[in-house]
2 protein chains.
Amino acid sequence: MAQALIGDSEFDRDTAVLRRGPHEPGVYDVELSAGWTIIAAVNGGYLLALLGRALGDALPHPDPFTISAHYLTPSAPGRAVIRTELVRTGRTLSTGQASLFQYDGNGAEIERIRVLASYGDLDSLPDDVRTSAKPPAIPPPEHCVGPADGPVPDVGGSSAIMDRLMLKLDPATVGWAVGAPSGKGEMRGWFGLADGRDADPLSLLLAVDGLPPTSFELGLKGWTPTVELTTHIRCRPAPGPLRVAITTRNLAGGFLEEDAEVWDSADRLVAQSRQLARAPRG
Amino acid sequence: MAQALIGDSEFDRDTAVLRRGPHEPGVYDVELSAGWTIIAAVNGGYLLALLGRALGDALPHPDPFTISAHYLTPSAPGRAVIRTELVRTGRTLSTGQASLFQYDGNGAEIERIRVLASYGDLDSLPDDVRTSAKPPAIPPPEHCVGPADGPVPDVGGSSAIMDRLMLKLDPATVGWAVGAPSGKGEMRGWFGLADGRDADPLSLLLAVDGLPPTSFELGLKGWTPTVELTTHIRCRPAPGPLRVAITTRNLAGGFLEEDAEVWDSADRLVAQSRQLARAPRG
């Protein structure tokens with residue numbers, strides 16, 4: 001099967017946004033695909049990518065630079081609407097706001113996520129790079145572990161998203177899958193899309209929320225619902241696979257933060273994110 | 001002079017918000033004090049604290065848990081208005097939005113900052129703490145450096161905020177002040193308020209933006225205007241001085257991120273923030 005291309009892939013089809021029309025500028029109809037669920041929940045990064053695509057259409061600048069999302073109520077597969085607002089236009093950055101709504105039994109809109117974002121043009125950035133961070137040390141993909149490589153952990157339901165992703169985890173971060181969590185709040189691996197589509201700024205929004213939670217390696221079971229997720233997109237990713245490294249250092253009071261870094265094949269730190277999530281019960 | 005108390009201090013007076021009245025719920029008149037400027041700019045953390053106080057009054061829950069601010073246009077000392085909106089009320093968390101406006105020559109409102117935040121009740125959090133992060137290694141305050149301890153760096157204008165703060169920087173991070181920047185993107189020190197008022201969740205919003213920029217230690221001169229700042233408040237701080245440690249690891253393409261950690265006297269990691277800022281020219 002030929003590698004899918006940016007613009008013509010599962011990810012692009014499932015994050016498509018349809019302008020509602022000139023009488024309702026800034027409003028987009030979307031379909032939340034059941035193909036990007038983890039257990040019953042629509043993946044937060046997939047939702048962020050949908051909102052990111054709508055804002056990229058609505059704003060004068062094309063690329064998310066910094067995007068902050070507050071997750072209000074759980075989304076379900078099915079139809080939704082995104083309403084955007086231009087907050088400010090600048091020369092190099094514009095700021096916008098967007099909300100994703102679904103419908104209750106009476107057809108009333110229920111807000112699922114609200115986002116505030118500043119957009120720019122990644123291709124216009126100067127290429128001086130003084131990044132002092134180093135790429136994560138992850139074994140090559142053939143020495144990493146994907147769902148086909150071992151027992152499928154019983155996470156209690158279907159995880160359709162696993163069919164959409166090419167995920168290979170560092171063996172040092174999969175102890176949880178065999179009942180031996182490392183005790184370190186870390187999760188690392190190679191990340192890509194199953195149909196081979198290269199990464200782009202929008203798929204980076206998916207990548208930052210695409211790995212299992214670090215809490216699994218702290219011996220906690222159960223999901224960690226995201227309260228808020230802020231992502232910085234710093235560079236257009238080069239073609240080829242991405243490396244994602246996630247850490248948590250402050251599990252306390254029923255919440256944890258997770259910091260994600262995404263590195264491309266040219267060893268650029270292309271995205272950084274931090275989320276605040278609720279800790280699971282046990 | 002007696003130590004100022006939470007609720008009766010310079011910080012409280014200068015971050016006071018006045019409800020406009022029952023006919024305009026969620027609207028607050030405020031005065032941006034000239035006392036919190038750094039060079040010509042009103043400090044971003046001071047502005048965040050004002051917005052945080054307004055939201056704490058407007059929302060059903062009292063304390064910011066996660067607050068994301070996009071800075072749109074520079075603020076100036078003088079009058080301003082904050083308009084808040086309740087986005088969602090939940091049992092343990094509520095989400096709100098707020099904007100701070102000032103006035104142009106015709107009296108029209110110009111938006112300065114827009115914020116999205118989720119609030120909760122810090123005092124209701126369980127006290128299980130599994131924080132793996134460690135407090136920064138900073139020499140005791142008497143071995144750290146404040147403005148009175150050495151040559152005042154020529155930063156090109158008055159910095160009234162320095163009279164409001166008790167700031168003692170780790171000597172390892174003040175090479176910039178004597179023309180010998182370390183080359184490491186780090187800034188650390190002891191942080192408090194000059195009148196002795198203890199920290200609280202709102203003053204933590206000031207603390208995360210209260211130190212000189214890490215870019216000074218990378219040999220860059222000039223200010224680093226904040227584009228976006230997201231802060232997590234994880235714990236009510238204990239009385240006593242705070243330690244703040246800031247790092248940057250991704251100076252690239254004309255932008256840099258800065259991660260701040262705030263530790264209280266009980267060695268709790270009480271706040272974490274990340275901002276995206278524009279790099280200075282030189």
# chains A, B, ... in the order shown; residues from 1 in each chain; ligands from 1

call {"tool": "interface_residues", "arguments": {"of": "chain A", "to": "chain B", "cutoff": "6 Å", "atoms": "only C-alpha atoms", "output": "PDB file with all heavy atoms, in the first residue's frame"}}
result
ATOM      1  N   LEU A 125       9.950  31.707  10.006  1.00  0.00           N
ATOM      2  CA  LEU A 125      10.843  31.876  11.156  1.00  0.00           C
ATOM      3  C   LEU A 125      12.293  31.813  10.721  1.00  0.00           C
ATOM      4  O   LEU A 125      12.650  31.016   9.847  1.00  0.00           O
ATOM      5  CB  LEU A 125      10.586  30.791  12.211  1.00  0.00           C
ATOM      6  CG  LEU A 125       9.225  30.793  12.873  1.00  0.00           C
ATOM      7  CD1 LEU A 125       9.165  29.675  13.908  1.00  0.00           C
ATOM      8  CD2 LEU A 125       8.918  32.134  13.509  1.00  0.00           C
ATOM      9  N   PRO A 126      13.144  32.635  11.322  1.00  0.00           N
ATOM     10  CA  PRO A 126      14.579  32.540  11.034  1.00  0.00           C
ATOM     11  C   PRO A 126      15.097  31.176  11.491  1.00  0.00           C
ATOM     12  O   PRO A 126      14.517  30.530  12.361  1.00  0.00           O
ATOM     13  CB  PRO A 126      15.187  33.663  11.881  1.00  0.00           C
ATOM     14  CG  PRO A 126      14.187  33.981  12.927  1.00  0.00           C
ATOM     15  CD  PRO A 126      12.844  33.654  12.354  1.00  0.00           C
ATOM     16  N   ASP A 127      16.180  30.718  10.889  1.00  0.00           N
ATOM     17  CA  ASP A 127      16.627  29.362  11.217  1.00  0.00           C
ATOM     18  C   ASP A 127      17.778  29.318  12.213  1.00  0.00           C
ATOM     19  O   ASP A 127      18.535  28.355  12.229  1.00  0.00           O
ATOM     20  CB  ASP A 127      16.962  28.567   9.947  1.00  0.00           C
ATOM     21  CG  ASP A 127      18.014  29.247   9.111  1.00  0.00           C
ATOM     22  OD1 ASP A 127      18.596  30.245   9.587  1.00  0.00           O
ATOM     23  OD2 ASP A 127      18.268  28.798   7.970  1.00  0.00           O
ATOM     24  N   ASP A 128      17.871  30.350  13.064  1.00  0.00           N
ATOM     25  CA  ASP A 128      18.862  30.244  14.138  1.00  0.00           C
ATOM     26  C   ASP A 128      18.290  29.309  15.194  1.00  0.00           C
ATOM     27  O   ASP A 128      17.182  29.497  15.669  1.00  0.00           O
ATOM     28  CB  ASP A 128      19.126  31.619  14.758  1.00  0.00           C
ATOM     29  CG  ASP A 128      17.899  32.211  15.386  1.00  0.00           C
ATOM     30  OD1 ASP A 128      16.835  32.226  14.714  1.00  0.00           O
ATOM     31  OD2 ASP A 128      17.962  32.612  16.551  1.00  0.00           O
ATOM     32  N   VAL A 129      19.006  28.275  15.518  1.00  0.00           N
ATOM     33  CA  VAL A 129      18.545  27.264  16.466  1.00  0.00           C
ATOM     34  C   VAL A 129      19.590  27.132  17.563  1.00  0.00           C
ATOM     35  O   VAL A 129      20.725  26.754  17.296  1.00  0.00           O
ATOM     36  CB  VAL A 129      18.328  25.905  15.768  1.00  0.00           C
ATOM     37  CG1 VAL A 129      17.918  24.837  16.785  1.00  0.00           C
ATOM     38  CG2 VAL A 129      17.265  26.033  14.680  1.00  0.00           C
ATOM     39  N   ARG A 130      19.196  27.485  18.787  1.00  0.00           N
ATOM     40  CA  ARG A 130      20.110  27.346  19.928  1.00  0.00           C
ATOM     41  C   ARG A 130      19.487  26.431  20.975  1.00  0.00           C
ATOM     42  O   ARG A 130      19.675  26.631  22.166  1.00  0.00           O
ATOM     43  CB  ARG A 130      20.408  28.731  20.524  1.00  0.00           C
ATOM     44  CG  ARG A 130      21.171  29.657  19.597  1.00  0.00           C
ATOM     45  CD  ARG A 130      21.455  31.011  20.235  1.00  0.00           C
ATOM     46  NE  ARG A 130      22.141  30.911  21.511  1.00  0.00           N
ATOM     47  CZ  ARG A 130      22.632  31.959  22.170  1.00  0.00           C
ATOM     48  NH1 ARG A 130      22.513  33.180  21.647  1.00  0.00           N
ATOM     49  NH2 ARG A 130      23.212  31.816  23.341  1.00  0.00           N
ATOM     50  N   THR A 131      18.740  25.440  20.498  1.00  0.00           N
ATOM     51  CA  THR A 131      18.102  24.499  21.404  1.00  0.00           C
ATOM     52  C   THR A 131      19.156  23.778  22.220  1.00  0.00           C
ATOM     53  O   THR A 131      20.086  23.202  21.659  1.00  0.00           O
ATOM     54  CB  THR A 131      17.287  23.467  20.595  1.00  0.00           C
ATOM     55  OG1 THR A 131      16.377  24.154  19.740  1.00  0.00           O
ATOM     56  CG2 THR A 131      16.536  22.512  21.501  1.00  0.00           C
ATOM     57  N   SER A 132      19.040  23.824  23.549  1.00  0.00           N
ATOM     58  CA  SER A 132      19.992  23.112  24.390  1.00  0.00           C
ATOM     59  C   SER A 132      19.456  21.736  24.814  1.00  0.00           C
ATOM     60  O   SER A 132      20.212  20.884  25.262  1.00  0.00           O
ATOM     61  CB  SER A 132      20.343  23.930  25.637  1.00  0.00           C
ATOM     62  OG  SER A 132      19.195  24.119  26.430  1.00  0.00           O
ATOM     63  N   ALA A 133      18.158  21.522  24.669  1.00  0.00           N
ATOM     64  CA  ALA A 133      17.586  20.210  24.988  1.00  0.00           C
ATOM     65  C   ALA A 133      18.142  19.168  24.032  1.00  0.00           C
ATOM     66  O   ALA A 133      18.492  19.492  22.879  1.00  0.00           O
ATOM     67  CB  ALA A 133      16.064  20.264  24.868  1.00  0.00           C
ATOM     68  N   ARG A 249       6.328  14.790  36.905  1.00  0.00           N
ATOM     69  CA  ARG A 249       7.174  14.992  38.078  1.00  0.00           C
ATOM     70  C   ARG A 249       6.377  15.487  39.280  1.00  0.00           C
ATOM     71  O   ARG A 249       6.939  15.678  40.363  1.00  0.00           O
ATOM     72  CB  ARG A 249       8.287  16.007  37.754  1.00  0.00           C
ATOM     73  CG  ARG A 249       9.215  15.553  36.652  1.00  0.00           C
ATOM     74  CD  ARG A 249      10.042  16.682  36.048  1.00  0.00           C
ATOM     75  NE  ARG A 249      10.974  17.279  36.969  1.00  0.00           N
ATOM     76  CZ  ARG A 249      10.898  18.539  37.411  1.00  0.00           C
ATOM     77  NH1 ARG A 249       9.934  19.335  37.011  1.00  0.00           N
ATOM     78  NH2 ARG A 249      11.805  18.995  38.250  1.00  0.00           N
ATOM     79  N   ASN A 250       5.080  15.713  39.078  1.00  0.00           N
ATOM     80  CA  ASN A 250       4.308  16.327  40.154  1.00  0.00           C
ATOM     81  C   ASN A 250       2.925  15.700  40.267  1.00  0.00           C
ATOM     82  O   ASN A 250       1.912  16.339  40.019  1.00  0.00           O
ATOM     83  CB  ASN A 250       4.222  17.851  39.931  1.00  0.00           C
ATOM     84  CG  ASN A 250       3.800  18.593  41.189  1.00  0.00           C
ATOM     85  OD1 ASN A 250       3.779  18.032  42.288  1.00  0.00           O
ATOM     86  ND2 ASN A 250       3.461  19.860  41.045  1.00  0.00           N
ATOM     87  N   LEU A 251       2.909  14.427  40.632  1.00  0.00           N
ATOM     88  CA  LEU A 251       1.660  13.717  40.916  1.00  0.00           C
ATOM     89  C   LEU A 251       1.328  14.025  42.369  1.00  0.00           C
ATOM     90  O   LEU A 251       2.065  13.613  43.283  1.00  0.00           O
ATOM     91  CB  LEU A 251       1.858  12.213  40.710  1.00  0.00           C
ATOM     92  CG  LEU A 251       0.747  11.292  41.216  1.00  0.00           C
ATOM     93  CD1 LEU A 251      -0.560  11.535  40.468  1.00  0.00           C
ATOM     94  CD2 LEU A 251       1.173   9.824  41.067  1.00  0.00           C
ATOM     95  N   ALA A 252       0.251  14.767  42.598  1.00  0.00           N
ATOM     96  CA  ALA A 252      -0.060  15.216  43.959  1.00  0.00           C
ATOM     97  C   ALA A 252      -1.491  15.712  43.999  1.00  0.00           C
ATOM     98  O   ALA A 252      -1.968  16.309  43.032  1.00  0.00           O
ATOM     99  CB  ALA A 252       0.888  16.337  44.389  1.00  0.00           C
ATOM    100  N   GLY A 253      -2.162  15.457  45.128  1.00  0.00           N
ATOM    101  CA  GLY A 253      -3.477  16.052  45.349  1.00  0.00           C
ATOM    102  C   GLY A 253      -4.534  15.630  44.353  1.00  0.00           C
ATOM    103  O   GLY A 253      -5.511  16.336  44.136  1.00  0.00           O
TER     104      GLY A 253
END

call {"tool": "select_by_dssp", "arguments": {"residues": "stretch 129-259 of chain A", "states": "helix (DSSP H, G or I)", "output": "list in words"}}
result
Pro141, Glu142, His143, Pro147, Ala148, Asp149, Ala160, Ile161, Met162, Asp163, Pro171, Ala172, Thr173, Gly175, Trp176, Ala177, Val178, Pro201, Leu202, Ser203, Leu204, Leu205, Leu206, Ala207, Thr214, Ser215, Phe216, Glu217 and Leu218 of chain A

call {"tool": "write_last_selection", "arguments": {"atoms": "N, CA, C and O atoms", "output": "short mmCIF file (atom, residue, chain, number, x, y, z; two decimals), in the first residue's frame"}}
result
data_model
loop_
_atom_site.label_atom_id
_atom_site.label_comp_id
_atom_site.auth_asym_id
_atom_site.auth_seq_id
_atom_site.Cartn_x
_atom_site.Cartn_y
_atom_site.Cartn_z
N PRO A 141 13.45 1.70 16.30
CA PRO A 141 12.09 1.16 16.29
C PRO A 141 12.03 -0.36 16.32
O PRO A 141 11.15 -0.94 16.96
N GLU A 142 12.96 -1.01 15.65
CA GLU A 142 12.89 -2.47 15.62
C GLU A 142 13.15 -3.09 16.99
O GLU A 142 12.84 -4.27 17.20
N HIS A 143 13.68 -2.29 17.92
CA HIS A 143 13.88 -2.78 19.28
C HIS A 143 12.85 -2.22 20.25
O HIS A 143 12.99 -2.38 21.47
N PRO A 147 1.78 -2.79 19.70
CA PRO A 147 0.70 -3.68 20.12
C PRO A 147 0.83 -5.09 19.57
O PRO A 147 0.40 -6.05 20.21
N ALA A 148 1.45 -5.24 18.40
CA ALA A 148 1.57 -6.57 17.79
C ALA A 148 2.70 -7.38 18.40
O ALA A 148 2.86 -8.55 18.09
N ASP A 149 3.50 -6.75 19.26
CA ASP A 149 4.72 -7.41 19.72
C ASP A 149 4.58 -8.14 21.04
O ASP A 149 5.54 -8.70 21.54
N ALA A 160 -9.77 2.00 19.16
CA ALA A 160 -9.69 2.12 17.71
C ALA A 160 -8.49 2.93 17.27
O ALA A 160 -7.94 2.71 16.19
N ILE A 161 -8.09 3.89 18.09
CA ILE A 161 -6.99 4.77 17.69
C ILE A 161 -5.72 3.97 17.42
O ILE A 161 -4.88 4.36 16.61
N MET A 162 -5.58 2.81 18.08
CA MET A 162 -4.36 2.03 17.89
C MET A 162 -4.23 1.53 16.45
O MET A 162 -3.13 1.26 15.98
N ASP A 163 -5.35 1.45 15.74
CA ASP A 163 -5.28 1.06 14.33
C ASP A 163 -4.88 2.22 13.43
O ASP A 163 -4.55 2.03 12.26
N PRO A 171 11.07 -0.15 25.39
CA PRO A 171 10.83 -1.24 26.34
C PRO A 171 10.99 -0.81 27.80
O PRO A 171 10.35 -1.37 28.68
N ALA A 172 11.81 0.21 28.04
CA ALA A 172 12.01 0.68 29.42
C ALA A 172 10.76 1.34 29.97
O ALA A 172 10.70 1.63 31.17
N THR A 173 9.76 1.59 29.11
CA THR A 173 8.55 2.28 29.59
C THR A 173 7.29 1.42 29.38
O THR A 173 6.18 1.97 29.36
N GLY A 175 6.82 -1.63 31.21
CA GLY A 175 6.66 -2.57 32.32
C GLY A 175 5.21 -2.70 32.76
O GLY A 175 4.76 -3.77 33.15
N TRP A 176 4.47 -1.60 32.67
CA TRP A 176 3.07 -1.61 33.09
C TRP A 176 2.26 -2.67 32.35
O TRP A 176 1.30 -3.22 32.90
N ALA A 177 2.64 -2.93 31.09
CA ALA A 177 1.85 -3.85 30.26
C ALA A 177 2.00 -5.29 30.71
O ALA A 177 1.21 -6.16 30.32
N VAL A 178 3.04 -5.56 31.53
CA VAL A 178 3.24 -6.92 32.02
C VAL A 178 3.28 -6.94 33.55
O VAL A 178 3.96 -7.76 34.16
N PRO A 201 2.32 20.30 11.19
CA PRO A 201 1.98 20.97 12.46
C PRO A 201 0.68 20.47 13.09
O PRO A 201 0.60 20.36 14.31
N LEU A 202 -0.33 20.13 12.28
CA LEU A 202 -1.59 19.65 12.87
C LEU A 202 -1.45 18.26 13.46
O LEU A 202 -2.04 17.97 14.52
N SER A 203 -0.72 17.38 12.82
CA SER A 203 -0.59 16.04 13.40
C SER A 203 0.30 16.06 14.64
O SER A 203 0.23 15.15 15.47
N LEU A 204 1.11 17.10 14.80
CA LEU A 204 1.86 17.24 16.06
C LEU A 204 0.91 17.43 17.23
O LEU A 204 1.20 17.03 18.36
N LEU A 205 -0.25 18.06 16.99
CA LEU A 205 -1.23 18.24 18.06
C LEU A 205 -1.78 16.89 18.51
O LEU A 205 -2.16 16.72 19.67
N LEU A 206 -1.82 15.93 17.62
CA LEU A 206 -2.22 14.56 17.95
C LEU A 206 -1.08 13.86 18.69
O LEU A 206 -1.30 13.15 19.68
N ALA A 207 0.14 14.08 18.23
CA ALA A 207 1.28 13.35 18.78
C ALA A 207 1.49 13.62 20.26
O ALA A 207 1.88 12.72 21.02
N THR A 214 1.74 8.44 31.56
CA THR A 214 2.90 8.11 32.40
C THR A 214 2.48 7.46 33.71
O THR A 214 3.27 6.73 34.32
N SER A 215 1.25 7.73 34.14
CA SER A 215 0.79 7.16 35.41
C SER A 215 0.78 5.64 35.38
O SER A 215 0.87 4.99 36.43
N PHE A 216 0.67 5.04 34.20
CA PHE A 216 0.74 3.58 34.10
C PHE A 216 2.06 3.08 34.67
O PHE A 216 2.12 2.05 35.34
N GLU A 217 3.15 3.80 34.40
CA GLU A 217 4.46 3.37 34.88
C GLU A 217 4.66 3.71 36.37
O GLU A 217 5.61 3.26 36.98
N LEU A 218 3.73 4.50 36.93
CA LEU A 218 3.76 4.75 38.37
C LEU A 218 2.87 3.75 39.09
O LEU A 218 2.63 3.87 40.30
#

call {"tool": "atom_distance", "arguments": {"atom1": "atom CA of A:Asp200", "atom2": "atom CA of A:Asp267"}}
result
15.2 Å

call {"tool": "select_by_dssp", "arguments": {"residues": "stretch 102-166 of chain A", "states": "strand (DSSP E or B)", "output": "PyMOL selection string"}}
result
chain A and resi 102-103+109-120+129+145+165-166

call {"tool": "residues_around", "arguments": {"residues": "stretch 220-223 of chain B", "least_positions_apart": "3", "cutoff": "10 Å", "atoms": "only C-alpha atoms", "output": "PyMOL selection string"}}
result
chain B and resi 38-39+41+155-156+176+181+183+212-217+226+277-282

call {"tool": "residues_around", "arguments": {"residues": "A:Arg243", "least_positions_apart": "2", "cutoff": "7 Å", "atoms": "only C-alpha atoms", "output": "ChimeraX atom specification"}}
result
/A:189-191,241,245,262-264

call {"tool": "write_last_selection", "arguments": {"atoms": "all heavy atoms", "output": "JSON list (two decimals), in the first residue's frame"}}
result
[["chain", "number", "residue", "atom", "x", "y", "z"],
["A", 189, "GLY", "N", 8.52, 6.82, 23.01],
["A", 189, "GLY", "CA", 8.43, 5.92, 21.86],
["A", 189, "GLY", "C", 8.50, 6.64, 20.54],
["A", 189, "GLY", "O", 8.64, 7.87, 20.48],
["A", 190, "TRP", "N", 8.39, 5.84, 19.50],
["A", 190, "TRP", "CA", 8.32, 6.33, 18.13],
["A", 190, "TRP", "C", 6.85, 6.48, 17.77],
["A", 190, "TRP", "O", 6.03, 5.61, 18.10],
["A", 190, "TRP", "CB", 8.98, 5.33, 17.16],
["A", 190, "TRP", "CG", 10.44, 5.18, 17.40],
["A", 190, "TRP", "CD1", 11.05, 4.32, 18.27],
["A", 190, "TRP", "CD2", 11.49, 5.93, 16.77],
["A", 190, "TRP", "NE1", 12.42, 4.48, 18.22],
["A", 190, "TRP", "CE2", 12.72, 5.45, 17.31],
["A", 190, "TRP", "CE3", 11.51, 6.93, 15.79],
["A", 190, "TRP", "CZ2", 13.96, 5.98, 16.90],
["A", 190, "TRP", "CZ3", 12.75, 7.44, 15.40],
["A", 190, "TRP", "CH2", 13.94, 6.97, 15.94],
["A", 191, "PHE", "N", 6.52, 7.56, 17.10],
["A", 191, "PHE", "CA", 5.12, 7.87, 16.81],
["A", 191, "PHE", "C", 4.96, 8.21, 15.34],
["A", 191, "PHE", "O", 5.72, 9.00, 14.79],
["A", 191, "PHE", "CB", 4.69, 9.08, 17.66],
["A", 191, "PHE", "CG", 3.25, 9.47, 17.46],
["A", 191, "PHE", "CD1", 2.26, 9.00, 18.31],
["A", 191, "PHE", "CD2", 2.87, 10.31, 16.41],
["A", 191, "PHE", "CE1", 0.93, 9.35, 18.13],
["A", 191, "PHE", "CE2", 1.55, 10.66, 16.21],
["A", 191, "PHE", "CZ", 0.57, 10.19, 17.09],
["A", 241, "PRO", "N", 9.77, 9.48, 10.89],
["A", 241, "PRO", "CA", 9.12, 9.21, 12.18],
["A", 241, "PRO", "C", 9.48, 10.24, 13.25],
["A", 241, "PRO", "O", 10.53, 10.88, 13.20],
["A", 241, "PRO", "CB", 9.65, 7.82, 12.56],
["A", 241, "PRO", "CG", 10.92, 7.65, 11.82],
["A", 241, "PRO", "CD", 10.82, 8.48, 10.56],
["A", 245, "ALA", "N", 8.65, 11.93, 23.95],
["A", 245, "ALA", "CA", 9.08, 11.59, 25.31],
["A", 245, "ALA", "C", 8.21, 12.38, 26.28],
["A", 245, "ALA", "O", 8.11, 13.60, 26.17],
["A", 245, "ALA", "CB", 10.54, 11.95, 25.51],
["A", 262, "VAL", "N", 8.31, 16.48, 21.39],
["A", 262, "VAL", "CA", 8.26, 15.76, 20.12],
["A", 262, "VAL", "C", 9.46, 16.16, 19.29],
["A", 262, "VAL", "O", 9.68, 17.36, 19.06],
["A", 262, "VAL", "CB", 6.96, 16.04, 19.34],
["A", 262, "VAL", "CG1", 6.89, 15.17, 18.08],
["A", 262, "VAL", "CG2", 5.74, 15.79, 20.22],
["A", 263, "TRP", "N", 10.23, 15.19, 18.87],
["A", 263, "TRP", "CA", 11.46, 15.40, 18.09],
["A", 263, "TRP", "C", 11.29, 14.80, 16.70],
["A", 263, "TRP", "O", 10.77, 13.68, 16.57],
["A", 263, "TRP", "CB", 12.64, 14.72, 18.80],
["A", 263, "TRP", "CG", 12.96, 15.32, 20.12],
["A", 263, "TRP", "CD1", 12.33, 15.10, 21.31],
["A", 263, "TRP", "CD2", 13.99, 16.28, 20.39],
["A", 263, "TRP", "NE1", 12.92, 15.85, 22.31],
["A", 263, "TRP", "CE2", 13.94, 16.58, 21.77],
["A", 263, "TRP", "CE3", 14.96, 16.90, 19.60],
["A", 263, "TRP", "CZ2", 14.82, 17.49, 22.38],
["A", 263, "TRP", "CZ3", 15.84, 17.80, 20.20],
["A", 263, "TRP", "CH2", 15.76, 18.09, 21.58],
["A", 264, "ASP", "N", 11.75, 15.52, 15.70],
["A", 264, "ASP", "CA", 11.62, 14.98, 14.35],
["A", 264, "ASP", "C", 12.90, 14.28, 13.90],
["A", 264, "ASP", "O", 13.90, 14.22, 14.65],
["A", 264, "ASP", "CB", 11.17, 16.06, 13.35],
["A", 264, "ASP", "CG", 12.25, 17.07, 12.99],
["A", 264, "ASP", "OD1", 13.40, 16.95, 13.48],
["A", 264, "ASP", "OD2", 11.94, 18.00, 12.22]]

call {"tool": "atom_distance", "arguments": {"atom1": "atom CA of A:His61", "atom2": "atom CA of A:Gly120"}}
result
4.9 Å

call {"tool": "atom_distance", "arguments": {"atom1": "atom CA of B:Tyr119", "atom2": "atom CA of B:Arg236"}}
result
13.2 Å

call {"tool": "decode", "arguments": {"residues": "stretch 157-170 of chain B", "atoms": "C-alpha atoms", "output": "short mmCIF file (atom, residue, chain, number, x, y, z; two decimals), in the first residue's frame"}}
result
data_model
loop_
_atom_site.label_atom_id
_atom_site.label_comp_id
_atom_site.auth_asym_id
_atom_site.auth_seq_id
_atom_site.Cartn_x
_atom_site.Cartn_y
_atom_site.Cartn_z
CA GLY B 157 14.69 52.55 32.51
CA SER B 158 12.97 52.47 35.84
CA SER B 159 11.83 49.19 37.22
CA ALA B 160 9.31 50.08 39.85
CA ILE B 161 8.46 46.43 40.43
CA MET B 162 11.85 45.93 42.05
CA ASP B 163 10.63 48.05 44.96
CA ARG B 164 7.64 45.74 45.45
CA LEU B 165 9.59 42.48 45.47
CA MET B 166 12.10 40.80 47.71
CA LEU B 167 14.27 39.13 45.09
CA LYS B 168 17.56 37.39 45.85
CA LEU B 169 19.15 35.65 42.88
CA ASP B 170 21.45 32.64 42.93
#
